[in-house]
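J.: The file below is coords.txt, compact mmCIF, C-alpha atoms:
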```
# COMPACT_ATOMS: atom_id res chain seq x y z
CA MET W 27 -5.36 36.11 -52.64
CA THR W 28 -4.65 34.30 -49.42
CA GLU W 29 -5.53 30.65 -49.44
CA THR W 30 -8.49 29.61 -47.38
CA PRO W 31 -7.54 26.85 -44.93
CA VAL W 32 -8.62 23.41 -46.05
CA ALA W 33 -10.64 22.85 -42.87
CA GLU W 34 -12.65 25.97 -43.56
CA LEU W 35 -13.28 24.92 -47.16
CA LEU W 36 -14.48 21.54 -45.92
CA ALA W 37 -16.93 23.22 -43.57
CA ARG W 38 -18.28 25.28 -46.45
CA ILE W 39 -18.50 22.22 -48.69
CA ALA W 40 -20.41 20.41 -45.95
CA ALA W 41 -22.89 23.30 -46.04
CA GLY W 42 -23.35 22.78 -49.77
CA ASP W 43 -21.04 25.49 -51.07
CA ARG W 44 -20.00 24.31 -54.54
CA ALA W 45 -17.56 27.18 -55.03
CA ALA W 46 -15.62 25.99 -52.00
CA LEU W 47 -15.17 22.59 -53.64
CA ARG W 48 -13.66 24.31 -56.63
CA LEU W 49 -11.32 26.33 -54.43
CA LEU W 50 -10.30 23.14 -52.70
CA TYR W 51 -9.54 21.58 -56.08
CA GLN W 52 -7.44 24.55 -57.12
CA ALA W 53 -5.48 24.54 -53.92
CA GLU W 54 -4.94 20.81 -53.48
CA ALA W 55 -5.29 19.05 -56.84
CA THR W 56 -1.56 18.98 -57.58
CA ARG W 57 -0.65 17.39 -54.29
CA LEU W 58 -3.59 14.99 -54.39
CA PHE W 59 -3.08 13.94 -57.99
CA GLY W 60 0.52 13.09 -57.10
CA LEU W 61 -0.74 10.98 -54.23
CA ALA W 62 -3.15 9.05 -56.45
CA ASN W 63 -0.56 8.59 -59.15
CA ALA W 64 1.99 7.25 -56.67
CA ILE W 65 -0.39 4.39 -56.01
CA LEU W 66 -1.74 3.89 -59.53
CA ARG W 67 1.18 4.98 -61.70
CA ASP W 68 -1.23 5.68 -64.50
CA ARG W 69 -2.39 9.22 -65.12
CA ASP W 70 -5.76 8.22 -66.53
CA ALA W 71 -6.48 6.01 -63.55
CA ALA W 72 -5.24 8.70 -61.19
CA ALA W 73 -7.56 11.23 -62.82
CA ASP W 74 -10.49 8.83 -62.32
CA ALA W 75 -9.45 8.39 -58.70
CA LEU W 76 -9.23 12.12 -58.13
CA GLN W 77 -12.67 12.58 -59.63
CA ASP W 78 -14.10 9.88 -57.31
CA ALA W 79 -12.30 11.51 -54.41
CA PHE W 80 -13.80 14.93 -55.02
CA LEU W 81 -17.27 13.45 -55.36
CA ARG W 82 -16.70 11.73 -52.02
CA VAL W 83 -15.49 14.96 -50.49
CA ALA W 84 -18.66 16.69 -51.64
CA GLN W 85 -20.66 13.89 -50.06
CA ARG W 86 -18.74 13.34 -46.85
CA ALA W 87 -17.32 16.73 -45.93
CA GLN W 88 -19.65 16.81 -42.95
CA GLN W 89 -17.92 13.69 -41.62
CA PHE W 90 -14.72 15.64 -41.18
CA ASP W 91 -14.32 16.64 -37.56
CA ALA W 92 -11.73 19.36 -37.13
CA SER W 93 -11.40 18.55 -33.43
CA ARG W 94 -10.31 15.03 -34.23
CA GLY W 95 -8.17 15.31 -37.30
CA GLU W 96 -6.17 17.48 -39.62
CA ALA W 97 -7.94 18.50 -42.82
CA GLY W 98 -5.03 17.82 -45.17
CA ALA W 99 -4.57 14.35 -43.71
CA TRP W 100 -8.30 13.62 -43.99
CA LEU W 101 -8.29 14.74 -47.60
CA GLY W 102 -5.22 12.65 -48.34
CA GLY W 103 -6.99 9.66 -46.85
CA ILE W 104 -9.99 10.14 -49.12
CA VAL W 105 -7.75 10.34 -52.17
CA ARG W 106 -5.66 7.34 -51.20
CA HIS W 107 -8.77 5.26 -50.72
CA ALA W 108 -10.25 6.39 -54.01
CA ALA W 109 -6.95 5.40 -55.64
CA LEU W 110 -6.89 2.06 -53.83
CA ASP W 111 -10.45 1.40 -55.01
CA GLN W 112 -9.34 2.11 -58.57
CA ALA W 113 -6.42 -0.23 -58.04
CA ARG W 114 -8.74 -2.95 -56.73
CA ARG W 115 -11.04 -2.45 -59.68
CA ARG W 116 -8.05 -2.95 -61.92
CA GLY W 117 -6.94 -6.01 -59.99
CA ARG W 118 -4.22 -3.86 -58.46
CA GLU W 119 -2.23 -4.38 -61.61
CA ARG W 120 0.37 -1.76 -62.08
CA PRO W 121 2.27 -0.93 -65.23
CA SER W 122 5.48 -1.05 -63.30
CA ASP W 123 5.90 -3.72 -60.69
CA ASP W 124 9.60 -3.49 -60.13
CA PRO W 125 10.46 -5.66 -57.16
CA ALA W 126 13.25 -3.26 -56.26
CA LEU W 127 12.06 -1.05 -53.48
CA GLY W 128 11.54 2.54 -54.31
CA ASP W 129 10.80 2.53 -58.00
CA ALA W 130 9.47 5.40 -60.04
CA ALA W 131 6.50 6.43 -57.96
CA VAL W 132 8.67 7.18 -55.00
CA ALA W 133 10.91 9.69 -56.62
CA PRO W 134 14.51 10.30 -55.65
CA GLU W 135 13.39 13.82 -54.91
CA ALA W 136 11.42 12.37 -52.02
CA LEU W 137 14.41 13.17 -49.92
CA GLU W 138 13.86 16.87 -50.18
CA LYS W 139 10.40 16.52 -48.82
CA VAL W 140 11.64 14.75 -45.77
CA LEU W 141 13.12 18.03 -44.76
CA ALA W 142 9.80 19.77 -44.75
CA GLY W 143 8.39 18.76 -41.45
CA GLU W 144 9.16 17.75 -37.92
CA ASP W 145 6.22 15.38 -37.99
CA LEU W 146 7.68 13.46 -40.88
CA LYS W 147 11.04 13.27 -39.15
CA ARG W 148 9.29 11.95 -36.09
CA LEU W 149 7.40 9.36 -38.10
CA HIS W 150 10.57 8.47 -39.90
CA TRP W 151 12.37 7.81 -36.66
CA CYS W 152 9.51 5.79 -35.33
CA LEU W 153 9.55 3.74 -38.50
CA ALA W 154 13.30 3.38 -38.13
CA THR W 155 12.84 1.87 -34.69
CA LEU W 156 10.62 -0.88 -36.07
CA GLU W 157 12.13 -4.15 -37.07
CA GLU W 158 12.78 -4.12 -40.79
CA LYS W 159 10.30 -6.92 -41.45
CA TYR W 160 7.51 -4.82 -39.94
CA ARG W 161 8.62 -1.62 -41.60
CA ARG W 162 8.79 -3.01 -45.12
CA GLY W 163 5.23 -4.23 -45.12
CA ILE W 164 3.92 -0.96 -43.79
CA LEU W 165 5.77 1.08 -46.38
CA LEU W 166 4.86 -1.19 -49.27
CA ALA W 167 1.22 -0.86 -48.30
CA PHE W 168 1.19 2.84 -47.70
CA VAL W 169 3.47 4.18 -50.39
CA GLN W 170 2.86 1.70 -53.18
CA GLY W 171 -0.66 0.75 -52.28
CA LEU W 172 -0.02 -2.98 -52.07
CA SER W 173 -2.52 -5.27 -50.37
CA HIS W 174 -1.63 -7.88 -47.76
CA ALA W 175 -1.73 -10.52 -50.49
CA GLN W 176 0.54 -8.57 -52.81
CA ILE W 177 3.01 -7.88 -50.04
CA SER W 178 3.01 -11.57 -49.27
CA ASP W 179 3.86 -12.28 -52.94
CA ARG W 180 6.44 -9.56 -53.07
CA LEU W 181 8.25 -10.64 -49.93
CA HIS W 182 7.71 -14.38 -50.46
CA LEU W 183 6.08 -14.71 -47.07
CA PRO W 184 2.88 -16.46 -45.99
CA LEU W 185 -0.15 -14.18 -45.98
CA GLY W 186 -0.79 -14.75 -42.27
CA THR W 187 2.76 -13.70 -41.44
CA VAL W 188 2.43 -10.51 -43.46
CA LYS W 189 -0.85 -9.65 -41.75
CA ALA W 190 0.58 -10.31 -38.30
CA TRP W 191 3.73 -8.29 -38.96
CA ILE W 192 1.87 -5.33 -40.35
CA ARG W 193 -0.56 -5.33 -37.45
CA ARG W 194 2.24 -5.60 -34.91
CA GLY W 195 4.27 -2.95 -36.67
CA LEU W 196 1.36 -0.53 -36.73
CA LEU W 197 0.67 -0.93 -33.05
CA GLN W 198 4.35 -0.41 -32.21
CA LEU W 199 4.36 2.62 -34.44
CA ARG W 200 1.47 4.09 -32.55
CA GLY W 201 3.27 3.50 -29.28
CA CYS W 202 6.31 5.36 -30.58
CA LEU W 203 4.30 8.25 -31.99
CA THR W 204 2.20 8.77 -28.90
CA MET O 28 -20.08 -7.90 -44.72
CA SER O 29 -22.31 -5.77 -42.57
CA PRO O 30 -21.13 -3.13 -40.12
CA THR O 31 -21.97 -5.52 -37.29
CA GLU O 32 -18.89 -7.50 -38.27
CA ILE O 33 -16.65 -4.67 -37.16
CA PRO O 34 -15.02 -6.08 -34.03
CA THR O 35 -15.97 -4.79 -30.61
CA ASP O 36 -12.62 -5.47 -28.96
CA PRO O 37 -10.83 -2.09 -28.77
CA VAL O 38 -7.44 -3.48 -29.80
CA GLU O 39 -8.99 -5.25 -32.79
CA ARG O 40 -10.89 -2.13 -33.79
CA GLU O 41 -7.76 -0.05 -33.55
CA GLY O 42 -5.83 -2.55 -35.66
CA LEU O 43 -8.57 -2.62 -38.27
CA ALA O 44 -8.67 1.17 -38.40
CA ALA O 45 -4.91 1.25 -38.85
CA GLU O 46 -5.00 -1.27 -41.67
CA TYR O 47 -7.84 0.59 -43.31
CA VAL O 48 -5.78 3.78 -43.32
CA LEU O 49 -2.72 1.90 -44.46
CA GLY O 50 -4.79 0.53 -47.33
CA SER O 51 -3.74 -3.07 -46.97
CA LEU O 52 -7.21 -4.53 -46.33
CA ASP O 53 -8.80 -6.63 -49.03
CA ALA O 54 -11.84 -5.24 -50.83
CA ARG O 55 -14.35 -6.95 -48.54
CA ASP O 56 -12.93 -5.76 -45.24
CA ASN O 57 -12.24 -2.36 -46.71
CA ALA O 58 -15.86 -2.02 -47.79
CA ALA O 59 -17.02 -3.10 -44.33
CA VAL O 60 -14.95 -0.41 -42.67
CA GLU O 61 -16.06 2.16 -45.20
CA ALA O 62 -19.71 1.32 -44.55
CA ALA O 63 -19.26 1.39 -40.78
CA LEU O 64 -17.61 4.79 -40.89
CA ALA O 65 -20.87 6.44 -41.85
CA THR O 66 -22.47 5.46 -38.54
CA ASP O 67 -19.67 4.56 -36.14
CA ALA O 68 -18.21 7.78 -34.73
CA ALA O 69 -15.70 5.95 -32.54
CA LEU O 70 -14.32 4.14 -35.55
CA ARG O 71 -14.16 7.46 -37.40
CA ALA O 72 -12.09 8.83 -34.57
CA ASP O 73 -9.70 5.86 -34.72
CA VAL O 74 -9.38 6.29 -38.46
CA ALA O 75 -8.81 10.05 -38.14
CA ALA O 76 -6.05 9.44 -35.61
CA TRP O 77 -4.35 7.01 -37.95
CA GLU O 78 -4.72 9.34 -40.92
CA ALA O 79 -2.93 11.97 -38.88
CA ARG O 80 -0.17 9.58 -37.84
CA LEU O 81 0.59 8.38 -41.35
CA ALA O 82 -0.15 11.58 -43.27
CA PRO O 83 3.49 12.70 -43.21
CA LEU O 84 4.21 9.84 -45.59
CA HIS O 85 2.03 11.57 -48.18
CA ALA O 86 5.07 13.74 -48.77
CA LEU O 87 6.74 10.79 -50.44
CA ALA O 88 4.49 11.17 -53.47
CA LEU O 89 5.62 13.78 -55.96
CA PRO O 90 3.07 16.53 -56.52
CA GLU O 91 1.88 16.35 -60.10
CA ALA O 92 -0.52 18.53 -62.02
CA PRO O 93 -3.69 16.70 -62.96
CA PRO O 94 -4.75 16.66 -66.63
CA PRO O 95 -6.43 19.88 -67.75
CA GLY O 96 -10.18 19.57 -67.86
CA LEU O 97 -10.39 17.26 -64.87
CA TRP O 98 -12.21 19.86 -62.80
CA ASP O 99 -14.84 20.22 -65.52
CA ARG O 100 -15.36 16.45 -65.45
CA ILE O 101 -15.74 16.51 -61.68
CA GLU O 102 -18.13 19.40 -61.79
CA ALA O 103 -20.24 17.68 -64.43
CA ALA O 104 -20.38 14.54 -62.29
CA LEU O 105 -21.56 16.34 -59.18
CA PRO O 106 -25.19 15.85 -58.23
CA GLY O 107 -27.26 18.74 -59.57
CA ALA O 108 -24.43 19.68 -61.88
CA ALA O 109 -26.43 22.27 -63.77
CA THR O 110 -25.60 25.01 -61.27
CA ALA O 111 -22.19 25.69 -62.67
CA MET O 112 -20.03 28.12 -60.82
CA PRO O 113 -18.75 31.24 -62.52
CA ALA O 114 -15.36 30.60 -64.02
CA ALA O 115 -12.59 31.52 -61.68
CA THR O 116 -9.00 32.08 -62.60
CA PRO O 117 -7.18 28.88 -61.74
CA ALA O 118 -4.76 29.43 -58.94
CA PRO O 119 -1.18 28.72 -59.91
CA ALA O 120 0.05 25.39 -58.66
CA PRO O 121 1.52 26.12 -55.27
CA ARG O 122 5.26 25.89 -55.23
CA PRO O 123 6.07 23.11 -52.81
CA ALA O 124 7.44 24.61 -49.65
CA TRP O 125 10.20 22.07 -49.46
CA LEU O 126 11.66 23.07 -52.80
CA GLY O 127 13.78 25.83 -51.43
CA LEU O 128 14.66 24.10 -48.23
CA TRP O 129 16.92 21.40 -49.39
CA ARG O 130 19.36 23.13 -51.61
CA GLY O 131 21.67 24.15 -48.84
CA TRP O 132 23.76 21.83 -46.86
CA ALA O 133 21.93 21.79 -43.56
CA LEU O 134 19.89 18.77 -44.37
CA GLY O 135 18.55 17.84 -41.01
CA ALA O 136 17.09 14.66 -42.26
CA SER O 137 17.95 11.28 -43.44
CA ALA O 138 16.99 8.51 -45.55
CA VAL O 139 13.34 8.33 -46.52
CA ALA O 140 15.54 9.35 -49.38
CA ALA O 141 16.07 7.38 -52.50
CA GLY O 142 12.71 5.79 -52.16
CA LEU O 143 12.40 3.33 -49.41
CA ALA O 144 15.90 2.04 -49.70
CA GLY O 145 17.04 4.39 -47.01
CA PHE O 146 14.98 2.65 -44.42
CA ILE O 147 16.87 -0.50 -44.98
CA LEU O 148 20.18 1.20 -44.45
CA LEU O 149 19.16 2.60 -41.13
CA GLN O 150 19.98 0.58 -38.11
CA PRO O 151 17.23 0.94 -35.53
CA ALA O 152 19.37 1.75 -32.52
CA PRO O 153 20.72 3.86 -31.00
CA ALA O 154 18.83 6.93 -32.10
CA PRO O 155 21.10 9.42 -33.82
CA ARG O 156 21.74 12.73 -32.25
CA LEU O 157 23.07 14.48 -35.33
CA MET O 158 22.68 13.75 -38.96
CA THR O 159 23.16 15.00 -42.44
CA VAL O 160 22.84 13.91 -46.02
CA LEU O 161 25.91 14.31 -48.18
CA LEU O 162 25.12 15.72 -51.58
CA THR O 163 26.90 15.46 -54.87
CA GLN O 164 27.99 18.67 -56.52
CA ARG O 165 24.67 18.58 -58.32
CA ASP O 166 22.83 18.48 -55.02
CA ALA O 167 21.77 14.89 -55.42
CA PRO O 168 21.60 13.01 -52.13
CA ALA O 169 24.27 10.34 -52.01
CA TRP O 170 25.10 9.40 -48.43
CA THR O 171 23.50 9.58 -45.03
CA VAL O 172 25.61 10.35 -42.00
CA GLU O 173 24.37 9.95 -38.47
CA ALA O 174 26.15 10.58 -35.21
CA ASP O 175 24.94 8.98 -32.01
CA ALA O 176 25.27 10.27 -28.48
CA ARG O 177 28.50 8.32 -27.96
CA GLY O 178 30.17 10.18 -30.80
CA ALA O 179 30.12 7.33 -33.33
CA LEU O 180 29.48 8.35 -36.95
CA ARG O 181 27.50 6.01 -39.18
CA LEU O 182 27.88 6.46 -42.91
CA ALA O 183 25.72 4.72 -45.50
CA ALA O 184 25.66 5.07 -49.27
CA LEU O 185 22.22 5.59 -50.77
CA ASN O 186 23.26 4.32 -54.16
CA PRO O 187 26.57 2.46 -53.82
CA ARG O 188 28.56 2.60 -57.02
CA PRO O 189 31.86 0.94 -57.87
CA LEU O 190 34.76 3.35 -58.25
CA GLU O 191 36.87 3.60 -61.35
CA GLY O 192 40.24 1.91 -61.23
CA ASP O 193 41.85 1.59 -57.86
CA ARG O 194 40.64 4.88 -56.47
CA VAL O 195 39.33 5.02 -52.91
CA LEU O 196 36.96 7.25 -50.99
CA GLN O 197 38.21 8.96 -47.84
CA LEU O 198 35.98 10.40 -45.14
CA TRP O 199 36.82 13.72 -43.49
CA ALA O 200 35.42 15.83 -40.67
CA LEU O 201 35.91 19.56 -40.33
CA PRO O 202 34.65 21.01 -37.03
CA GLU O 203 33.28 24.52 -37.24
CA GLY O 204 36.10 27.00 -36.88
CA ALA O 205 38.80 24.42 -37.59
CA THR O 206 41.24 25.20 -40.36
CA ALA O 207 42.19 21.65 -41.27
CA PRO O 208 40.02 18.56 -41.64
CA THR O 209 40.56 15.34 -39.76
CA SER O 210 40.68 12.10 -41.70
CA LEU O 211 38.16 9.55 -40.50
CA GLY O 212 39.59 6.85 -42.70
CA LEU O 213 38.77 5.10 -45.96
CA ILE O 214 35.29 3.99 -46.90
CA PRO O 215 34.96 0.31 -47.72
CA ALA O 216 33.44 -0.79 -51.04
CA SER O 217 30.20 -1.72 -49.28
CA GLY O 218 29.58 1.99 -48.79
CA GLN O 219 28.84 1.50 -45.11
CA ILE O 220 31.07 2.29 -42.20
CA THR O 221 30.79 3.27 -38.55
CA VAL O 222 33.69 5.21 -37.09
CA THR O 223 34.30 6.82 -33.74
CA PRO O 224 36.57 9.74 -34.54
CA GLN O 225 39.59 10.29 -32.32
CA GLY O 226 40.41 13.87 -31.57
CA VAL O 227 37.20 15.43 -32.92
CA ARG O 228 33.72 15.02 -31.58
CA PRO O 229 30.69 15.21 -33.88
CA GLN O 230 28.83 18.44 -33.23
CA PRO O 231 26.24 20.55 -35.02
CA GLY O 232 27.82 22.51 -37.83
CA MET O 233 30.62 20.05 -38.42
CA LEU O 234 31.34 19.52 -42.11
CA ILE O 235 31.56 15.96 -43.34
CA GLU O 236 33.29 15.43 -46.67
CA ILE O 237 34.23 12.53 -48.89
CA SER O 238 37.16 12.89 -51.25
CA LEU O 239 38.38 10.69 -54.08
CA GLU O 240 41.92 9.59 -53.43
CA ALA O 241 44.71 7.42 -54.80
CA PRO O 242 45.09 3.92 -53.30
CA GLY O 243 45.78 4.08 -49.61
CA GLY O 244 44.18 7.50 -49.28
CA SER O 245 45.68 10.89 -48.60
CA THR O 246 48.50 10.92 -46.12
CA THR O 247 48.98 14.68 -46.15
CA GLY O 248 46.25 15.39 -43.63
CA ARG O 249 44.10 17.06 -46.29
CA PRO O 250 42.13 15.79 -49.26
CA THR O 251 44.42 15.57 -52.28
CA GLY O 252 41.72 14.53 -54.74
CA PRO O 253 38.41 16.20 -55.47
CA VAL O 254 35.82 16.48 -52.70
CA LEU O 255 32.88 14.61 -54.21
CA PHE O 256 30.37 14.86 -51.41
CA ILE O 257 29.84 17.29 -48.62
CA GLY O 258 27.28 17.91 -45.89
CA ARG O 259 26.98 19.55 -42.50
CA LEU O 260 25.76 17.86 -39.34
CA SER O 261 22.67 19.21 -37.68
CA ALA O 262 20.41 18.04 -34.89
CA ALA O 263 18.31 15.02 -35.72
CA GLY O 264 14.58 15.57 -35.79
CA ALA O 265 13.67 12.99 -33.20
CA SER O 266 12.83 14.45 -29.87
```
Using structure tokens, write down the structure that the file contains.

T.:
Amino acid sequence: MTETPVAELLARIAAGDRAALRLLYQAEATRLFGLANAILRDRDAAADALQDAFLRVAQRAQQFDASRGEAGAWLGGIVRHAALDQARRRGRERPSDDPALGDAAVAPEALEKVLAGEDLKRLHWCLATLEEKYRRGILLAFVQGLSHAQISDRLHLPLGTVKAWIRRGLLQLRGCLT
Amino acid sequence: MSPTEIPTDPVEREGLAAEYVLGSLDARDNAAVEAALATDAALRADVAAWEARLAPLHALALPEAPPPGLWDRIEAALPGAATAMPAATPAPAPRPAWLGLWRGWALGASAVAAGLAGFILLQPAPAPRLMTVLLTQRDAPAWTVEADARGALRLAALNPRPLEGDRVLQLWALPEGATAPTSLGLIPASGQITVTPQGVRPQPGMLIEISLEAPGGSTTGRPTGPVLFIGRLSAAGAS
């Protein structure tokens, strides 16, 4: 069985095709559950997040515009936000809050994945060109799901500074990626 | 917060979309963006562009099988759940494409590695031309090596560890086709060093090795102790 492209499944889901949602789950659940668990670090919470995410996909599939975005990225965004909502609901408390960068959720094996794509290498190099103070905030937010306030705690910096650095870093990142 | 509070200034909108995708907004602002997305196509486009930019970072999360039975829960929670689909054979979890890619030596990547720590090791400039990751004999990433356009090699330990006794680590380069390696010197305890090799120029295919040596290092022109780490330079991904 060849896998149906995610974008095509989304189009079918938008048209009310329930079987397509199931196919999407079968094809993507492992990747997406990993994404939710990287933020939540709690399998039960990650399962709740994935459930929310698939309900949102069923609801919002028609918002996906293939001419403006990549289906896998869109799907990842839905799951990350469902996970972040779970985290907010739980006060963003995490079982492990190791201040050392790169704790369990970002596995050592992450390295191997870096090799997978040119786009990641490109992003990596763009991140590498940012000043470290900008880069750290961006990565803490994206990979560990920390809020501005949590990053400010973690880095012992005023909230306003964290916000300004993240904003500036993101805009520089866009400049580099364009 | 109502959708009308979404800023009209394009730079502000772009920044808000970026922070929404990043996930760093507080619950209130996040909800405002979420609500606006339903009706604001331009904001949706900004968000989609940022999703695409940052999506490569999704690869940092390890794929993990969800608990069995989760699909049934989802299906039961769908509106109009009674129309259950005929049971299909679950597809096997796809084997991540990257799994086979990394086992060799030609690791054309660097340090997203070892969590985020790698980013801190990287110096922003100049952009490397060649790079590799030195692996242990068990294929665990241990060092990043980058060569810039001027021929300087930058070495950084991902997980610096003290050595036993008075042993030292010595860095070697072996150009493709060469029969003997060239010593690039001893690696300081900090695990970080930048060297500009004399006599050899970093090039794709060049082997980089680290051997464990007695104090002072090997003076024979070849490693005398075991080669602990090895990797081969290849072109850096940046265009």

J.: Which residue is closest to O:Met158? Choose from O:Arg40, O:Arg259, O:Arg55, O:Arg249 and count all atoms listed in the file.

T.: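 Nearest to O:Met158: O:Arg259.
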
J.: Between W:Ala71, W:Leu58, W:Leu66, W:Leu101, which residue has the minimum interatomic distance to W:Val32, considering all atoms listed in the file?

T.: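 With all atoms listed in the file as the atom set, the closest residue is W:Leu101.
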
J.: Can you measure atom CA of W:Leu197 to atom CA of O:Ala58 for me? One decimal in Å is fine.

T.: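 These two atoms are separated by 22.2 Å.
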
J.: Between atom CA of W:Leu199 and atom CA of W:Arg148, what distance in Å does the model show, to one decimal?

T.: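 Taking atom CA of W:Leu199 and atom CA of W:Arg148, their separation equals 10.7 Å.
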
J.: Report as a PyMOL selection string all protein, DNA and RNA residues lying within 9 Å of W:Ile104, evaluated on all atoms listed in the file, omitting residues in the same chain fewer than 4 positions from it.

T.: chain W and resi 79-80+82-83+99-100+108-109

J.: Rounded to one decimal in Å, what is the spacing between atom CA of O:Thr66 and atom CA of W:Ala113?

T.: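 It comes out at 25.9 Å.
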
J.: May I have the residues within 10 Å of W:Thr30 as a ChimeraX atom specification, using only C-alpha atoms and disregarding those fewer than 2 positions away in the same chain?

T.: /W:27-28,32-35,46,49-50,53

J.: Would you save the residues from that selection as a compact mmCIF listing (two decimals), in the frame of the given file, using C-alpha atoms?

T.:
```txt
# COMPACT_ATOMS: atom_id res chain seq x y z
CA MET W 27 -5.36 36.11 -52.64
CA THR W 28 -4.65 34.30 -49.42
CA VAL W 32 -8.62 23.41 -46.05
CA ALA W 33 -10.64 22.85 -42.87
CA GLU W 34 -12.65 25.97 -43.56
CA LEU W 35 -13.28 24.92 -47.16
CA ALA W 46 -15.62 25.99 -52.00
CA LEU W 49 -11.32 26.33 -54.43
CA LEU W 50 -10.30 23.14 -52.70
CA ALA W 53 -5.48 24.54 -53.92
```
